[in-house]
Structures are given as structure tokens and as C-alpha cells.
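Visitor: Got a structure for you, written out below as C-alpha cells; questions coming shortly.
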Amino acid sequence: MTKSVALFVTCLVDMMRPRIGFAAIRALEAAGCEVVVPEGQTCCGQPALNSGDRDHAMALAKQTIAALEPYEAVVVPSGSCAGTIRCHYPEIFEHDPLWLARAQAVAGKTFEVMAYLDEVLGWKPEGVRVDARATYHDSCSGLRELGIKAQPRRLLKAIDGLSFAPLQGEETCCGFGGTFCVKYPAISNAIVGEKADAIDATGADLLLAGDLGCLMNMAGKLNRKGSKVRAYHAIELIAGMADGPAIGEEA
Amino acid sequence: MSARDTIFARLKGDAPSKAEADALLIAPERPRVDEAALEAEFLARLALPSISATHDVIDDMAQLPAAVARYLESQNEALTLCMPPDPRLVACDWQGFTLHDRAAPDEAAAIAVARRGIAESGSLIFETGPTAPMLPNFLALHHIVLLRVDDIMPYLEDAPLPGVQPRAHYWITGVSGTTDIEGTYVRGAHGPRFLHVLLLRQ
Amino acid sequence: MSGFKDRADLALADRILKVAVERTAGTAEAKRAVAVDAFPDFEAARDRAAAIKDHVVAHLGAYLEQFEASATAAGAKVHWASTADEACRIVIDICKAAGAKSVARSKSMLGEEIGLPHALAEAGIGRVETDLAEHIIQLADERPSHIIWPAMHKTREQVSALFKAKHRSPHAEETIAAMAESARRELRTQMLGADVGISGANFLIADTGAVCTVTNEGNAELSLVPPRVHIVTAGIEKIVPSMPHAIHMLRMLARSATGAALTQYTTFYTGPKRAGDRDGPEEMHIVLVDNGRTKMREEGLAEMLRCIRCGACMNHCVVFRQIGGHAYGGTYPGPMGAVLTPVFDGLKESRELANACTLNGKCQEVCPVRIPLPTLLRGWREKSWREGLEPTSMRAGLSLWAWVATRPRLYRLGTGMAVRAMRMLGRKGWIDKLPLVGGWTRYRDMPKPAARTFMAQYKKERRS
Ligand code: SF4
């Protein structure tokens, strides 16, 4: 039976790297889903939420809930945006019983894309080949809010030719932190500098992760320091789209 | 309004139920201890780098002075000992030793009787009293402790003795150590640098 | 006073500091991991620890009354202080009544919180810090930079120079052991000659009236047993119902702090010296301090009262590891400090601390009492936003963005334009200077976005 799922693209993927959204669609379709992209979506409101701007966070949460609630399941190619919807929307509406119920309903059916493919659908990529050595960074929100750790690794293991180099401190924050990286650029830089060194030290060809914000941060630092490591969202490889440009490469 | 009244005015609330407090203690998570091999478990913990105590075994109290002498000689220390007026210690024959019962600021060695040993952590449990001062155990460079094998208990919950609590109840789990400079472990920060346990198997 | 950013910049420029912090925090992190792995079901133990503290905080008044009664019955005198100043005054008065010229102090973060070192100096009472790290801090005339290792920011070279300048018979050999030995020589006589011993408390046992201290150096006992008077200053949240409750917390504390099963010395003091006792103080005073704690309980920070001051959150914090403790500017650094400092110093002065966090959640993951530190920090951010303390540029920027983002059609237009504008700034896939986010491009490149947004491409694809 085909499952109908809504893709919540996320504002960052929408603007900066649409390929991730298309990769998510491709993988979901390969797994037998029918994917829709609801019209009314923009941003989940995380920047407002994490800046303490409750009112705007609430307005965006309401808009997002309204856009997503008609669907059977909601899939998000970002652990932190999925985490916002799953974990924080119900908190935001703690004192609003009407919206709380709606928030909880959407939260309950929202999944990070790789967790959805692996855990809910039990799917694995077939016939995908990437001859490269990859290292994986666990983005914090996905890891700690949603328990995303084994799922991407299981999916990536099914790719032929792909080998893995363990990343020292793979669970250590990369220093992105949303608005943190522009509010405290020097601290953020010190953190991502260490992360980039650790990535380089793996000797891997590819850096993979599940969140575009972290990936842009790490890839941007790697590029600035002249590293040759190329960065992709893991779903791009899983969907068989590793032949395209890596982050920061011209199409 | 006194500070006490101000504070309590903000903390009004119902009294805790004893049952609720007790329920928090059911089946505590704690290190596994083989209760059939308490002595071995205790000694294994004593030998851990974090404690690194040495030990010796004696079969009865008459062997105590010789065991203490053996230890002090092995450490190139004189047979001078700070010994509290514990009747069990006093009853031994300490010929050849220079004894005193008040610790000097640069005390080399002190002996004490532990009330209990705890296998879970390798801790020695002491309590103050008329025959059990506290200070010597923190001043001496060598801390020598007599412990009856029968007093080894599995868990820290076994450390407190029932009844009225002494002025000080204390657990010693190693020697005076510090990691205050660059996280590097140094023994003998202020107090004992060596801990030697004499197990009495009676 | 310089702001947080200035202090952080200074810290970031100090590579020696970075090395020093890394050596200690790195070791602590590795050792904790081993200890937690070896412990059967540490996760359940964390649940229990949190539940014990929540139970106490829910019934705090009753437990404090019980503690007061049992400590008094054991012969201790219990005092109450609403504020830091009150607490200091009580301590000074006790010292003066005892005719004290010098006090030996065993490290206590509460003492730092209420400014006790300063108050003692003002009262002209000599102070010997007996914890090795606090001794280093005292000699250097600095403030602690960590709650477990107050001198974490100092390298061995710096400590060596300090001891050589200040100790009467300093070390000759350049080893850490020799330096510790130098401090031992220096401190021992001073410690034994003090008139009053002052400590904090790791736990207060409600049913027995005992005060528990833990140290690895044994300096608490050496500071508190010889003097005639023992003064304890403790936060009112330090209560646990009984000894077995304390035991559970102790199992969590050392493992989380240093990775050890227990600290070397754990002592429960119940009242002053008894008839026939051969040592111990003649007077024991316990000063119970509120200093904002009842307010925390009322105003959404009750979970923070679970804190047992283990330091795990800062040892595992990416920000702390880069900037060390002094940059935070308060008594308590790191994640727990960022939550606590606004309580003591006011949000206006310390709102940056709540913001200077990536919300990565690591601190919460390692906290032995499961304090939701990121949630509490987000709470401060919300308060700061509500009270208009956040910078105008931030407020204006976020409001404009939210205004657009709540209008999807306008948003599509805006993102399309933004993408085109950004692409004009890019070269070969990357943008190396981007207005508005100069902080980003000062240190790293920004990938050039694709020619069209996802939404635009998707619509086009579906239409064809
Ligand atoms: S907040 Fe948690 S981790 Fe941090 S010091 Fe307190 S108890 Fe330890």
C-alpha cells in the first residue's frame, strides 16, 4: 500500500540546497511513498523559538501545523526542524488546549527523513554505488531530541562501494547553533575549527550529516581552510544523487 | 520578619510522606558486588589505581604489631606510631615501637580501626568517639587501618551504623589526592600519601 | 566591566588557557565515560537522582524544618540568611564572637556565590584557602574558573611560577608532584593554626542533621576538625531526606564530576564535639542561605535546584571548552552558570550567557540529575526578549523575517530574490563575504545557493 507523506522542505533546504529536498522525495518514492509538498509551508519557526521570540515562534508553528495536519505523515530532511515540530511545538502550546491537541497530532506523525525510511518503512537503498570513503557527523538536535544515530548509518551501509572513517568527536556540536554562529562568530569559529580539523584527520573523501545548517558550517570552514573533503547531506547519497555537486561546488 | 520566617513563608507546602521518600530508595542502581566473595571484591577495589592501597592479612590481634612493623620497615619508616586509645589496639604488645596518642603536624604514621569496609567502593568507614579521634587519620603520611574481614559489607548503604550518629562519620576511599594542576593526579596533597589495610581474619 | 564578548575574545586569544582547559576537562570527560559505562543502568540512576531532588524541592520547607530540628538536637546552631550579604554578616559575626584572627576555608561554591572571601577580608580576618586549587586562586588573586577545578585555567608552568614567588620554601623540581608538595608544606601549619574552619555542604541530611562534605584532598577535614569553631554555609536546596538518599546522590556526584566511584574523603558531621571526643570543634554553626533559591522555585527554575554542582555540564560544553570559566563573568560558569547567573546578577547584565549556547543538548545528556539546561536557557532568552533586553537589530531582523515567513506567497518572492542576490556575490560555488552575516563569512565561506529555490523548482517540475 502506498503511503502518502508530506515533505516539509525546511527553509534552509528551500533556499540553499534544493537537491536535498529532491533527494528526500526520490528516496521516499523509491520506498513506495507518494510525496506531496504542502503549499503553506515556509519555516518551522526555530530561529524565533531559539531567540526567545515566543510570539513569532507561535505564529509560525500555527502556520506549519495548519499546512501539515491534513497528511498521514510528515517527513523532514533535517533533525533540528523535525525536532522543533516533534518536541517543541507541544511545549509552545502548553497553555492552549486547542492548539496543543493539533500540535501533538502533527508532532506524533512527523519524522526525520532517514529515521522514517529506516525505522518506519524498513527500507534500504538498492543498487546505489558510491566509491568513496565517508565520515559522519551526528547533528545535535537529531541525535539528542530524536535519537537519530543508527538509522542513517544503516541506510548508508547499504550503499555499494562506500566505506567509513570514524570521526573523532562525532557527537560533538559543530558550533553552528542557528543564530549562535552569527551572534558569537568567534566562539562558533573556534568550535567549527576543531571540528574541521577532526574531519580532515579522518582522511575521508566525504563528510556526511543530516542537517544542512551544520553541513554549511562545517563545509564552509573546510573550504576556508583549503580542505579537499566534500560535504553532502546523507540523504543525497542514499537517494543515489552523489554524482551531483557537493556543497559549495558549482552545478 | 526574620530571614527564617521570610524563607519559610515562601516554602509553605505539605509535609513529605515517608512512603514517598522511601519509595525513592527501592532497588537502587549500584555497582554489582558478589556478596559471596566480599573480601575478594573489597580487595580488588582497594587495588584500583584510584585507591591503590596495599594490604596484609593477619589471623589474630597478636600478629598486629609485627604486621605494622613489617609495613613501616618496608617503607623505611621508624617504628613510631600515632595510636588512638582504642582498647583493641592498646591490648597488643607494642614492644619496640614508640607510641603516642596525639598526632604531630608532621606525623609519619597513624593506625586506626575501621568500623566497616565497603566492597562496592573499597571504602573504609570510621566514626569518631572517645577512643577514636579523627585528625591523625588525615595528618599522617602513612595511614594504617585495621579492618575485620567480618566487617566488610557489600554496599555503601551498609556504611551507617544504626542508632545515634557520632559527631563524625566518614568514609575513606584512597589517599589524599589532587588533580588540581592540569588534571594530573598527585598523591598526598594534604594528608596521607599511603594507605595500608590490615585485614583481620578471625 | 567588560562585556561577555570581550571576555570571550580575550579567552579565545589565550592559547595557553585553551591547553589548560583541554587537559583537565578532556581528562574528566574521558574518565566519566568509563565510569558511566561501568555503572549498571546509569540512566535509571539519573532518573532516581532527579526524582529525589524533585521530591525534596517540592517539600523543601518541611525538610528544612526537620533538618533544623535534628541539627539543633545534635548541638549545632542553625542560622538563616535570605541574601548573600546577610549570610556573610552572620559568618563574620560568628568569627568575631569567637575572636577569630584566621579562618581555614574548605572550597565551597556557595561561599564564592555569597562573596565570603571578600567579606572576610573586609572584616580583617585572615583566610587560608585549603583546597589546592583555591590556594592557587588565592595566591594569584583571581576567581575560580570551574566549580570542581577552580584553577583549571592555570597551566603547570603558571602554578610553578606562582608558588616560587609566594611559598616560603617552594619546590625545586619542576614536577606537578613537587608543586603539590610545596603547597602541602605551606598550608599544613596555617591550616592547623586557624581559629575557625569554614566549609560548604554537599548534602544536608534532614533526618540526622548531618552535614556532608566530599573532598579528594582531605582538606575539609584538616580545616574543620582542629579549629574551635566550624561554620557551614549551605544553600537551602542541599537537603536530602536521609542517608540512603545521600548515598545515591554521592554515587552520581563523583562519577559525573571526575569519573571516580567516590571522592577519597566523604564526611558526615553531626553537631560539635561530644563529651569524651578527642577532637572536633566546640561550636558548629550552619548558615542556611536562600539567595534567590525560593524565587527560582517559584519562577520556573525549580529544576535548577536539583543541581549537585558536579561540573559535568561545563566539562562537556563546547563553548566552555573554548572560552573557559572566567569569560562567563559569574560565580558559576558553563551551562549551569548561564542558568544561575541571571538569578544572582540580573538578566540585563547576563543575558548574553543564555544566548552564547548552541543548544546542542550535551549538558542535559550528561547532567546526573537531568536538568533540562537548554530549556532553561531558552526560558531566559524568552524573558530577555519579552523585557526588551535583546538588541534592537536582532528584534527588528527577526520580526521582519517572521512577518514575511508568515505570508507564504510573499515569502516565495522574497526567498527567490534573496537567492538571486546571493548568487551575484558568489564565485566558484562559494561566497566569501556576505552582508548581514559578516560573522559567518569572516571565518568561513558560505555556499552559493542553487539558481532557484526548492519551491520554485518543484512547482515548475510538477507543471511540466
Ligand atoms: S547542572 Fe547538572 S551537570 Fe551541571 S553541575 Fe549541576 S548537576 Fe552537574
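Identifiers in this document derive from the order of the C-alpha cells: chains are assigned A, B, ..., residues are numbered from 1 separately in each chain, and ligands are numbered from 1 in order of occurrence.
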Ala103 in chain B: which residues within 10 Å, counting only C-alpha atoms, same-chain residues fewer than 5 positions away excluded, as a list of chain:residue names?

Guide: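 Near Ala103 in chain B, the qualifying residues are B:Leu81, B:Cys82, B:Met83, B:Pro84, B:Ala108, B:Ala109, B:Ala110, B:Pro133, B:Met134, B:Leu135, B:Pro136, B:Asn137, B:Phe138, B:Leu139, B:Ala140.
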
Visitor: Next, the residues of the selection above should be written as a short mmCIF file (atom, residue, chain, number, x, y, z; two decimals), in the first residue's frame with N, CA, C and O atoms.

Guide:
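So the final result, stored in result.cif, reads:
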```cif
data_model
loop_
_atom_site.label_atom_id
_atom_site.label_comp_id
_atom_site.auth_asym_id
_atom_site.auth_seq_id
_atom_site.Cartn_x
_atom_site.Cartn_y
_atom_site.Cartn_z
N LEU B 81 54.53 5.46 66.01
CA LEU B 81 53.14 5.32 65.59
C LEU B 81 52.23 6.20 66.43
O LEU B 81 52.34 6.24 67.65
N CYS B 82 51.32 6.87 65.75
CA CYS B 82 50.26 7.56 66.47
C CYS B 82 49.13 6.55 66.63
O CYS B 82 48.60 6.05 65.63
N MET B 83 48.81 6.22 67.88
CA MET B 83 47.81 5.19 68.12
C MET B 83 46.72 5.71 69.04
O MET B 83 47.00 6.18 70.14
N PRO B 84 45.47 5.67 68.61
CA PRO B 84 44.39 6.15 69.48
C PRO B 84 44.17 5.16 70.63
O PRO B 84 44.58 4.00 70.53
N ALA B 108 54.29 10.75 60.85
CA ALA B 108 54.66 9.82 59.78
C ALA B 108 53.62 8.73 59.60
O ALA B 108 53.23 8.41 58.48
N ALA B 109 53.18 8.15 60.72
CA ALA B 109 52.24 7.03 60.58
C ALA B 109 51.21 7.02 61.69
O ALA B 109 51.51 7.33 62.84
N ALA B 110 49.99 6.70 61.31
CA ALA B 110 48.92 6.58 62.30
C ALA B 110 48.15 5.30 62.02
O ALA B 110 48.00 4.88 60.86
N PRO B 133 39.84 9.33 67.68
CA PRO B 133 39.98 10.69 67.16
C PRO B 133 40.01 10.65 65.63
O PRO B 133 40.19 9.59 65.04
N MET B 134 39.83 11.79 65.04
CA MET B 134 39.73 11.87 63.58
C MET B 134 41.01 12.42 62.95
O MET B 134 41.47 11.95 61.91
N LEU B 135 41.57 13.42 63.60
CA LEU B 135 42.66 14.17 62.98
C LEU B 135 43.86 13.32 62.56
O LEU B 135 44.39 13.51 61.45
N PRO B 136 44.32 12.36 63.40
CA PRO B 136 45.51 11.60 62.99
C PRO B 136 45.35 10.93 61.62
O PRO B 136 46.31 10.84 60.86
N ASN B 137 44.12 10.52 61.32
CA ASN B 137 43.89 9.82 60.06
C ASN B 137 44.04 10.73 58.85
O ASN B 137 44.09 10.27 57.71
N PHE B 138 44.06 12.02 59.09
CA PHE B 138 44.20 12.98 57.99
C PHE B 138 45.56 13.65 57.97
O PHE B 138 45.91 14.31 57.00
N LEU B 139 46.29 13.48 59.07
CA LEU B 139 47.59 14.16 59.16
C LEU B 139 48.75 13.28 58.74
O LEU B 139 49.72 13.74 58.16
N ALA B 140 48.64 11.99 59.07
CA ALA B 140 49.80 11.11 58.88
C ALA B 140 50.09 10.86 57.41
O ALA B 140 49.20 10.88 56.57
#
```

Visitor: Enumerate residues in contact with ligand 1: an atom-to-atom distance of at most 10 Å, counting only C-alpha atoms and all ligand atoms. Format the result as a PyMOL selection string.

Guide: chain C and resi 49-50+146-148+252-253+256-257+303-317+332-340+362-373

Visitor: What residues in chain C lie within 8 Å of chain A, counting only C-alpha atoms, written as a PyMOL selection string?

Guide: chain C and resi 5+8-9+12+318-319+322-323+355-362+365+378-386+398-399+402+405-406+408+411+415-416+419+428-430+437-440+443-450+452-455

Visitor: Per residue of chain B within 6 Å of chain C, note the shortest atom pair and the distance in Å to one decimal, counting only C-alpha atoms, and order the rows by chain and increasing residue number, as CSV.

Guide:
```
residue,atom,partner,partner_atom,distance
B:Ala3,CA,C:Ser82,CA,5.3
B:Arg4,CA,C:Trp80,CA,5.3
B:Phe8,CA,C:Gly61,CA,6.0
B:Leu11,CA,C:Gly61,CA,4.9
B:Ala15,CA,C:Ala62,CA,5.4
B:Pro16,CA,C:His59,CA,5.7
B:Glu29,CA,C:Ala45,CA,5.7
B:Pro31,CA,C:Phe39,CA,5.8
B:Gly129,CA,C:Asp277,CA,5.1
B:Pro130,CA,C:Asp277,CA,4.4
B:Pro133,CA,C:Arg278,CA,5.2
B:Glu157,CA,C:Pro244,CA,6.0
B:Arg167,CA,C:Thr270,CA,4.8
B:Ala168,CA,C:Tyr269,CA,4.6
B:His169,CA,C:Phe268,CA,5.1
B:Tyr170,CA,C:Thr267,CA,4.2
B:Trp171,CA,C:Thr266,CA,5.1
B:Ile172,CA,C:Tyr265,CA,5.0
B:Thr173,CA,C:Gln264,CA,4.4
B:Gly174,CA,C:Gln264,CA,5.2
B:Ser176,CA,C:Glu217,CA,4.4
B:Gly177,CA,C:Glu217,CA,4.9
B:Thr178,CA,C:Glu217,CA,5.7
B:Asp180,CA,C:Ala133,CA,5.4
B:Glu182,CA,C:Thr24,CA,5.4
B:Gly183,CA,C:Thr24,CA,4.4
B:Val186,CA,C:Ala177,CA,5.7
B:Ala189,CA,C:Glu217,CA,5.6
B:His190,CA,C:Arg184,CA,5.3
```

Visitor: When distances are computed from only C-alpha atoms, which of A:Gly161, A:Ser4, A:Leu100, A:Ile235 shows the smallest separation from Val76 in chain A?

Guide: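 Smallest distance to Val76 in chain A is found for A:Ile235.
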
Visitor: Looking at only C-alpha atoms, which of A:Tyr136, A:Tyr71, A:Phe164, A:Tyr89 is the one that sits closest to Val5 in chain A?

Guide: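 Selected residue with least distance to Val5 in chain A: A:Tyr71.
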
Visitor: Residues within 9 Å of range 94-102 of chain C, please, as a list in words. Count only C-alpha atoms; anything in the same chain fewer than 6 positions from it doesn't count.

Guide: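 Final neighbour list, sorted by chain and number: Ala123, Gly124, Ile125, Gly126, Arg127, Val128, Gln190, Gly193, Ala194, Asp195, Val196, Gly197, Arg228, Val229, Ile231 and His285 of chain C.
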
Visitor: Can you spit out the residues from that selection as a PDB file, in the first residue's frame, using C-alpha atoms?

Guide:
```pdb
ATOM      1  CA  ALA C 123      36.394  42.292  58.316  1.00  0.00           C
ATOM      2  CA  GLY C 124      40.142  41.927  58.635  1.00  0.00           C
ATOM      3  CA  ILE C 125      40.020  38.190  59.189  1.00  0.00           C
ATOM      4  CA  GLY C 126      42.843  36.188  57.678  1.00  0.00           C
ATOM      5  CA  ARG C 127      41.809  33.433  55.310  1.00  0.00           C
ATOM      6  CA  VAL C 128      43.632  30.269  54.349  1.00  0.00           C
ATOM      7  CA  GLN C 190      48.445  27.525  58.599  1.00  0.00           C
ATOM      8  CA  GLY C 193      46.505  27.050  63.469  1.00  0.00           C
ATOM      9  CA  ALA C 194      43.202  28.501  62.257  1.00  0.00           C
ATOM     10  CA  ASP C 195      40.614  29.663  64.771  1.00  0.00           C
ATOM     11  CA  VAL C 196      37.608  28.868  62.628  1.00  0.00           C
ATOM     12  CA  GLY C 197      37.014  26.335  59.873  1.00  0.00           C
ATOM     13  CA  ARG C 228      37.382  25.598  67.826  1.00  0.00           C
ATOM     14  CA  VAL C 229      34.524  26.662  65.571  1.00  0.00           C
ATOM     15  CA  ILE C 231      30.874  27.205  60.232  1.00  0.00           C
ATOM     16  CA  HIS C 285      27.151  26.741  63.086  1.00  0.00           C
TER      17      HIS C 285
END
```

Visitor: Please return, as a PyMOL selection string, all residues of range 107-193 of chain B that DSSP assigns to strand (DSSP E) on the basis of the backbone.

Guide: chain B and resi 109-113+116-118+123-127+142-148+152-153+168-172+177-178+186-187

Visitor: What does the distance between CA of Leu376 in chain C and CA of Gly213 in chain A come to in Å, to one decimal place?

Guide: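 Atom-to-atom, CA of Leu376 in chain C to CA of Gly213 in chain A, that is 23.4 Å.
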
Visitor: List every residue of range 178-414 of chain C that DSSP, applied to the backbone of this structure, places in helix (DSSP H, G or I), and write the result as an MDAnalysis selection string.

Guide: chainID C and resid 178:192 219:224 236:238 243:257 293:298 302:306 312:315 318:323 326:328 334:345 347:355 362:366 373:386 392:405 408:414

Visitor: Fewer than 6 positions away in the same chain doesn't count, so skip those; otherwise give me all residues within 7 Å of range 114-121 of chain C, counting only C-alpha atoms, as a list in words.

Guide: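 Skipping anything fewer than 6 positions along the chain leaves Ala84, Asp85, Cys88 and Ile92 of chain C.
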
Visitor: Just the number, please: distance in Å from CA of Cys92 in chain B to CA of Ala62 in chain B, one decimal.

Guide: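 Going from CA of Cys92 in chain B over to CA of Ala62 in chain B covers 6.2 Å.
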